[in-house]
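Accompanying notes for the structure given below.
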Amino acid sequence: MKLSEIFYSIQGESTFAGLPCIFIRFSGCNLSCSYCDTKYAYEQNFELSVEKILDKIKKYSPVKLVEITGGEPLLQKEIYSLFEKLHSKNYQILLETNGAIFVNKIPKYVKKIMDIKTPTSKMSDKMKWENLNFLTENDEIKFVLSDKNDFDWAIKKIRKYDLQKYKILFSPNKSKLNEKSLAEWILKTKMPIRLQMQLHKIIWKNKKGV
Ligand code: SF4
């Protein structure tokens with residue numbers, strides 16, 4: 001499998017934020033979002049088999065929370081085999097995926113954290129909206145927002161597709177939007193939207209591998 005990095009850190013996003021977590025970051029992406037903060041993952045750093053990945057993460061035992069991320073992990077052919085093996089070893093699996101690849105074959109035991117690309121990403125036309133049919137109420141939907149137009153667009157999509165039944169995460173693109181504005185806009189909606197602050201960036205700034 002084509003990898004960018006494997007590391008152990010504090011989960012900075014999702015409803016699992018704050019927990020110790022193992023990160024497996026795959027290389028390669030089918031999108032090129034304007035605000036991408038993991039461009040280094042476009043290129044492969046090293047290659048490992050599924051078995052070798054499992055061997056490598058053993059050293060973080062007894063931590064059993066694993067995030068599969070990228071890049072876009074669903075571009076890896078062996079990803080389903082990795083899900084199975086991790087599940088058989090009792091890992092709890094979080095999958096970050098960009099919403100532009102079908103998620104219909106992902107097993108239910110994998111918690112999907114699926115992006116919906118906002119207008120400023122310049123990738124919103126690549127979204128596979130059919131993916132909403134394959135989410136469970138256990139899954140999470142993430143919007144990265146750069147301005148008020150992105151915010152209003154996201155609220156319209158939440159209403160149109162009845163997304164309030166999922167856990168909704170709103171993350172500010174920090175170079176364009178401050179958290180305070182986003183927090184105030186969220187409060188005005190009175191909707192169950194979680195403001196996501198990317199804890200790892202608050203703690204370690206833009207350091208890689210944390
Ligand atoms: S989907 Fe993720 S990794 Fe790919 S370009 Fe967009 S932000 Fe970067």
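Chain labels run A, B, ... following the order of the structure tokens; each chain numbers its residues from 1, and ligands are numbered from 1 in the order shown.
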Site check for ligand 1: residues at most 8 Å away, only C-alpha atoms and all ligand atoms, as a list in words: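 Here is the list of contacting residues: Gly28, Cys29, Asn30, Leu31, Ser32, Cys33, Ser34, Tyr35, Cys36, Asp37, Thr38, Lys39, Ala41, Tyr42, Gly70, Gly71, Glu72, Thr97, Asn98, Asp115, Ser121 and Met123 of chain A.
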Kindly provide the residues of region 128-166 of chain A that approach region 93-96 of chain A to within 10 Å, each paired with its closest atom pair and their distance in Å to one decimal, based on only C-alpha atoms, listed by chain and increasing number, as a tab-separated table.
```
residue	atom	partner	partner_atom	distance
A:Asp139	CA	A:Leu94	CA	9.3
A:Glu140	CA	A:Glu96	CA	9.5
A:Ile141	CA	A:Glu96	CA	9.7
A:Lys142	CA	A:Glu96	CA	9.4
```
Identify, with DSSP run on backbone atoms, the residues in region 50-205 of chain A assigned to strand (DSSP E), and express the list as a PyMOL selection string. chain A and resi 65-69+92-97+110-115+140-145+167-172+193-195
Residue subset to file, keeping C-alpha atoms, as a compact mmCIF listing (two decimals), in the first residue's frame:
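Produced file again_22.txt, reproduced below:
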```txt
# COMPACT_ATOMS: atom_id res chain seq x y z
CA LEU A 65 -8.25 3.63 17.95
CA VAL A 66 -6.97 3.94 14.36
CA GLU A 67 -7.64 6.66 11.84
CA ILE A 68 -7.21 5.83 8.16
CA THR A 69 -6.60 9.05 6.28
CA GLN A 92 -11.85 0.77 16.22
CA ILE A 93 -11.53 2.24 12.71
CA LEU A 94 -12.17 5.84 11.66
CA LEU A 95 -12.00 6.52 7.92
CA GLU A 96 -11.51 10.06 6.59
CA THR A 97 -12.71 10.20 3.00
CA VAL A 110 -15.79 1.39 9.91
CA LYS A 111 -16.86 4.85 11.06
CA LYS A 112 -16.89 7.09 8.02
CA ILE A 113 -15.98 10.75 8.41
CA MET A 114 -16.96 12.06 5.02
CA ASP A 115 -16.16 15.50 3.65
CA GLU A 140 -19.90 11.94 10.56
CA ILE A 141 -19.98 14.63 7.89
CA LYS A 142 -17.34 17.32 7.75
CA PHE A 143 -17.44 20.72 6.07
CA VAL A 144 -14.31 22.90 5.87
CA LEU A 145 -15.43 26.52 5.61
CA LYS A 167 -22.94 14.08 13.35
CA ILE A 168 -22.01 17.30 11.57
CA LEU A 169 -18.56 18.87 11.93
CA PHE A 170 -17.73 22.42 10.83
CA SER A 171 -14.04 23.20 10.59
CA PRO A 172 -12.69 26.67 9.81
CA ILE A 193 -23.38 21.38 14.50
CA ARG A 194 -20.01 20.74 16.16
CA LEU A 195 -17.32 23.38 15.83
```
Within 12 Å of Asp162 (chain A), counting only C-alpha atoms, which residues qualify if same-chain residues fewer than 3 places away don't, as a PyMOL selection string? chain A and resi 132-133+137+141+154-159+165-168+191
Dump of N, CA and C atoms for the selected residues, as a PDB file, in the first residue's frame:
```
ATOM      1  N   LEU A 132     -24.521   9.852   0.232  1.00  0.00           N
ATOM      2  CA  LEU A 132     -25.361  10.088   1.412  1.00  0.00           C
ATOM      3  C   LEU A 132     -26.286   8.894   1.663  1.00  0.00           C
ATOM      4  N   ASN A 133     -26.576   8.123   0.606  1.00  0.00           N
ATOM      5  CA  ASN A 133     -27.424   6.928   0.771  1.00  0.00           C
ATOM      6  C   ASN A 133     -26.692   5.802   1.488  1.00  0.00           C
ATOM      7  N   GLU A 137     -26.228   6.395  10.662  1.00  0.00           N
ATOM      8  CA  GLU A 137     -26.359   7.509  11.616  1.00  0.00           C
ATOM      9  C   GLU A 137     -25.166   7.601  12.566  1.00  0.00           C
ATOM     10  N   ILE A 141     -20.147  13.861   9.122  1.00  0.00           N
ATOM     11  CA  ILE A 141     -19.984  14.633   7.890  1.00  0.00           C
ATOM     12  C   ILE A 141     -19.229  15.905   8.231  1.00  0.00           C
ATOM     13  N   ALA A 154     -23.365  25.412   3.126  1.00  0.00           N
ATOM     14  CA  ALA A 154     -23.394  24.182   3.931  1.00  0.00           C
ATOM     15  C   ALA A 154     -24.737  24.030   4.652  1.00  0.00           C
ATOM     16  N   ILE A 155     -25.242  25.123   5.205  1.00  0.00           N
ATOM     17  CA  ILE A 155     -26.534  25.055   5.915  1.00  0.00           C
ATOM     18  C   ILE A 155     -27.637  24.639   4.940  1.00  0.00           C
ATOM     19  N   LYS A 156     -27.590  25.185   3.721  1.00  0.00           N
ATOM     20  CA  LYS A 156     -28.601  24.801   2.712  1.00  0.00           C
ATOM     21  C   LYS A 156     -28.515  23.312   2.404  1.00  0.00           C
ATOM     22  N   LYS A 157     -27.303  22.787   2.269  1.00  0.00           N
ATOM     23  CA  LYS A 157     -27.130  21.353   1.978  1.00  0.00           C
ATOM     24  C   LYS A 157     -27.628  20.508   3.150  1.00  0.00           C
ATOM     25  N   ILE A 158     -27.364  20.947   4.376  1.00  0.00           N
ATOM     26  CA  ILE A 158     -27.821  20.188   5.553  1.00  0.00           C
ATOM     27  C   ILE A 158     -29.343  20.091   5.536  1.00  0.00           C
ATOM     28  N   ARG A 159     -29.996  21.212   5.190  1.00  0.00           N
ATOM     29  CA  ARG A 159     -31.464  21.220   5.163  1.00  0.00           C
ATOM     30  C   ARG A 159     -31.970  20.381   3.989  1.00  0.00           C
ATOM     31  N   LYS A 165     -29.406  14.184  10.917  1.00  0.00           N
ATOM     32  CA  LYS A 165     -29.409  12.870  11.571  1.00  0.00           C
ATOM     33  C   LYS A 165     -27.983  12.318  11.732  1.00  0.00           C
ATOM     34  N   TYR A 166     -27.025  12.912  11.034  1.00  0.00           N
ATOM     35  CA  TYR A 166     -25.617  12.513  11.198  1.00  0.00           C
ATOM     36  C   TYR A 166     -24.942  13.488  12.154  1.00  0.00           C
ATOM     37  N   LYS A 167     -23.715  13.134  12.545  1.00  0.00           N
ATOM     38  CA  LYS A 167     -22.940  14.083  13.345  1.00  0.00           C
ATOM     39  C   LYS A 167     -22.268  15.034  12.365  1.00  0.00           C
ATOM     40  N   ILE A 168     -22.520  16.320  12.535  1.00  0.00           N
ATOM     41  CA  ILE A 168     -22.008  17.302  11.572  1.00  0.00           C
ATOM     42  C   ILE A 168     -20.863  18.089  12.203  1.00  0.00           C
ATOM     43  N   MET A 191     -28.618  24.763  15.376  1.00  0.00           N
ATOM     44  CA  MET A 191     -28.575  23.385  14.872  1.00  0.00           C
ATOM     45  C   MET A 191     -27.452  22.614  15.597  1.00  0.00           C
TER      46      MET A 191
END
```
Close residues, region 102-108 of chain A itself excluded, 7 Å, only C-alpha atoms, min 5 positions apart in chain, as a tab-separated table (two decimals) with N, CA and C atoms, in the first residue's frame:
```tsv
chain	number	residue	atom	x	y	z
A	128	LYS	N	-19.80	13.08	-4.75
A	128	LYS	CA	-20.76	12.05	-5.14
A	128	LYS	C	-21.88	12.08	-4.10
A	131	ASN	N	-23.46	9.20	-2.22
A	131	ASN	CA	-22.83	8.64	-1.02
A	131	ASN	C	-23.68	8.83	0.24
A	134	PHE	N	-25.37	5.91	1.56
A	134	PHE	CA	-24.59	4.81	2.13
A	134	PHE	C	-24.04	5.13	3.51
```
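The nearest approach to Ser146 (chain A) among the residues A:Leu187, A:Leu177, A:Ile24, A:Leu74, with only C-alpha atoms taken into account, belongs to A:Leu177.
Of note, CA of Cys21 (chain A) and CA of Lys64 (chain A) are spaced 7.5 Å apart.
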Quick one: everything within 9 Å of Leu82 (chain A), counting only C-alpha atoms, minus sequence neighbours fewer than 5 positions away in the same chain. Send it as a VMD selection string. chain A and resid 50 to 51 53 to 54 87
Let's have the selection written as a compact mmCIF listing (two decimals), in the first residue's frame, with N, CA and C atoms.
```txt
# COMPACT_ATOMS: atom_id res chain seq x y z
N VAL A 50 -0.29 -4.96 3.89
CA VAL A 50 -1.27 -4.88 4.98
C VAL A 50 -0.66 -5.47 6.26
N GLU A 51 -0.01 -6.64 6.11
CA GLU A 51 0.57 -7.30 7.28
C GLU A 51 1.64 -6.43 7.96
N ILE A 53 1.85 -3.20 7.89
CA ILE A 53 1.20 -2.05 8.57
C ILE A 53 0.75 -2.50 9.97
N LEU A 54 0.13 -3.71 10.01
CA LEU A 54 -0.34 -4.21 11.31
C LEU A 54 0.82 -4.42 12.27
N HIS A 87 -10.09 -4.88 11.96
CA HIS A 87 -11.32 -5.25 12.69
C HIS A 87 -11.11 -6.57 13.43
```
Would you list, as a PyMOL selection string, the residues of region 2-208 of chain A that end up in alpha helix (DSSP H) under DSSP run on this structure's backbone? chain A and resi 50-57+79-88+148-160+179-189+199-204
